[in-house]
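Written out below as structure tokens is the structure these notes cover.
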Amino acid sequence: MFEGWLIQVTSGNPAEGEQEVELYASWVPKEDDAVLNVIKTFNLNDDHIVSMVIDLPKETFEKLGLKPGEAGPYREVD
């Protein structure tokens, strides 16, 4: 069972060759709340496009060192 979400944040203008994509893990079960959690935690603004990618299990958040309600940078975990 999933506990939270993998969130993708895109910034920059691709037409100018300046696009960055970052991934975050948000340990919040509701989709909209998970996105808001990342926006608040990382002080994102209108220049960022934030979207959900996939749900994540509890074990992933634990391996990332996160606690329920927290968000952090995502990396692959074993």
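Residue names in the structure tokens use chain letters A, B, ... in the order shown, residue numbers from 1 in each chain, and ligand numbers from 1 in the order shown.
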
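Residues in contact with segment 2-5 of chain A at up to 8 Å, not including ones fewer than 3 positions away on its chain and judged by only C-alpha atoms, are A:Ala25, A:Ser26, A:Trp27, A:Val28, A:Pro29, A:Lys30, A:Glu31, A:Ala34, A:Met52, A:Val53, A:Ile54, A:Asp55, A:Leu56, A:Pro57, A:Lys58.
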
Residue contacts of Phe42 of chain A (9 Å, only C-alpha atoms) excluding same-chain residues fewer than 4 positions away, as a PDB file with N, CA, C and O atoms, in the first residue's frame:
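Resulting contents of result.pdb:
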ATOM      1  N   ASN A  37       2.619  20.163  -0.193  1.00  0.00           N
ATOM      2  CA  ASN A  37       3.710  19.928   0.756  1.00  0.00           C
ATOM      3  C   ASN A  37       5.068  20.238   0.111  1.00  0.00           C
ATOM      4  O   ASN A  37       5.919  20.889   0.716  1.00  0.00           O
ATOM      5  N   VAL A  38       5.267  19.800  -1.117  1.00  0.00           N
ATOM      6  CA  VAL A  38       6.521  20.071  -1.821  1.00  0.00           C
ATOM      7  C   VAL A  38       6.640  21.565  -2.131  1.00  0.00           C
ATOM      8  O   VAL A  38       7.704  22.165  -1.946  1.00  0.00           O
ATOM      9  N   ALA A  71       8.660  16.190   3.178  1.00  0.00           N
ATOM     10  CA  ALA A  71       9.043  16.057   1.778  1.00  0.00           C
ATOM     11  C   ALA A  71      10.552  16.248   1.673  1.00  0.00           C
ATOM     12  O   ALA A  71      11.145  16.972   2.474  1.00  0.00           O
ATOM     13  N   GLY A  72      11.142  15.579   0.704  1.00  0.00           N
ATOM     14  CA  GLY A  72      12.585  15.703   0.513  1.00  0.00           C
ATOM     15  C   GLY A  72      12.970  15.306  -0.891  1.00  0.00           C
ATOM     16  O   GLY A  72      12.166  14.733  -1.625  1.00  0.00           O
TER      17      GLY A  72
END

**OP:** Write out as a list in words the residues lying within 10 Å of segment 74-76 of chain A, counting only C-alpha atoms and excluding same-chain residues fewer than 5 positions away.
**Re:** Leu6, Ile7, Gln8, Glu22, Leu23, Tyr24, Ala25, Ser26, Thr60, Phe61, Lys63 and Leu64 of chain A

Notebook entry, point to check: Could you pull out all residues of chain A with a DSSP call of strand (DSSP E) and give them as JSON, numbers by chain?
Noted result: {"A": [2, 3, 4, 5, 6, 7, 8, 9, 10, 11, 12, 13, 18, 19, 20, 21, 22, 23, 24, 25, 26, 48, 49, 50, 51, 52, 53, 54, 55, 56, 57, 71, 72, 73]}

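Among A:Asp32, A:Glu70, A:Asn43, A:Val50, the residue with the shortest atom-to-atom distance to Glu20 of chain A, counting only C-alpha atoms, is A:Val50.
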
Taken to one decimal, the atom CA of Asp78 of chain A-atom CA of Asp33 of chain A distance is 26.6 Å

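Distance check against Val35 of chain A using only C-alpha atoms: of A:Val21, A:Pro14, A:His48, A:Lys67, the minimum falls on A:His48.
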
Atom CA of Leu44 of chain A sits from atom CA of Val9 of chain A at a separation of 9.0 Å

Expressed in Å, the length from atom CA of Ser11 of chain A to atom CA of Glu59 of chain A is 28.7 Å

Exercise for the section: Using DSSP on the backbone coordinates, identify all residues within chain A classified as helix (DSSP H, G or I); present the result as a list in words. Expected result: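 DSSP-assigned helix (DSSP H, G or I) residues in chain A: Pro14, Ala15, Glu16, Glu31, Asp32, Asp33, Ala34, Val35, Leu36, Asn37, Val38, Ile39, Lys40, Thr41, Lys58, Glu59, Thr60, Phe61, Glu62 and Lys63 of chain A.
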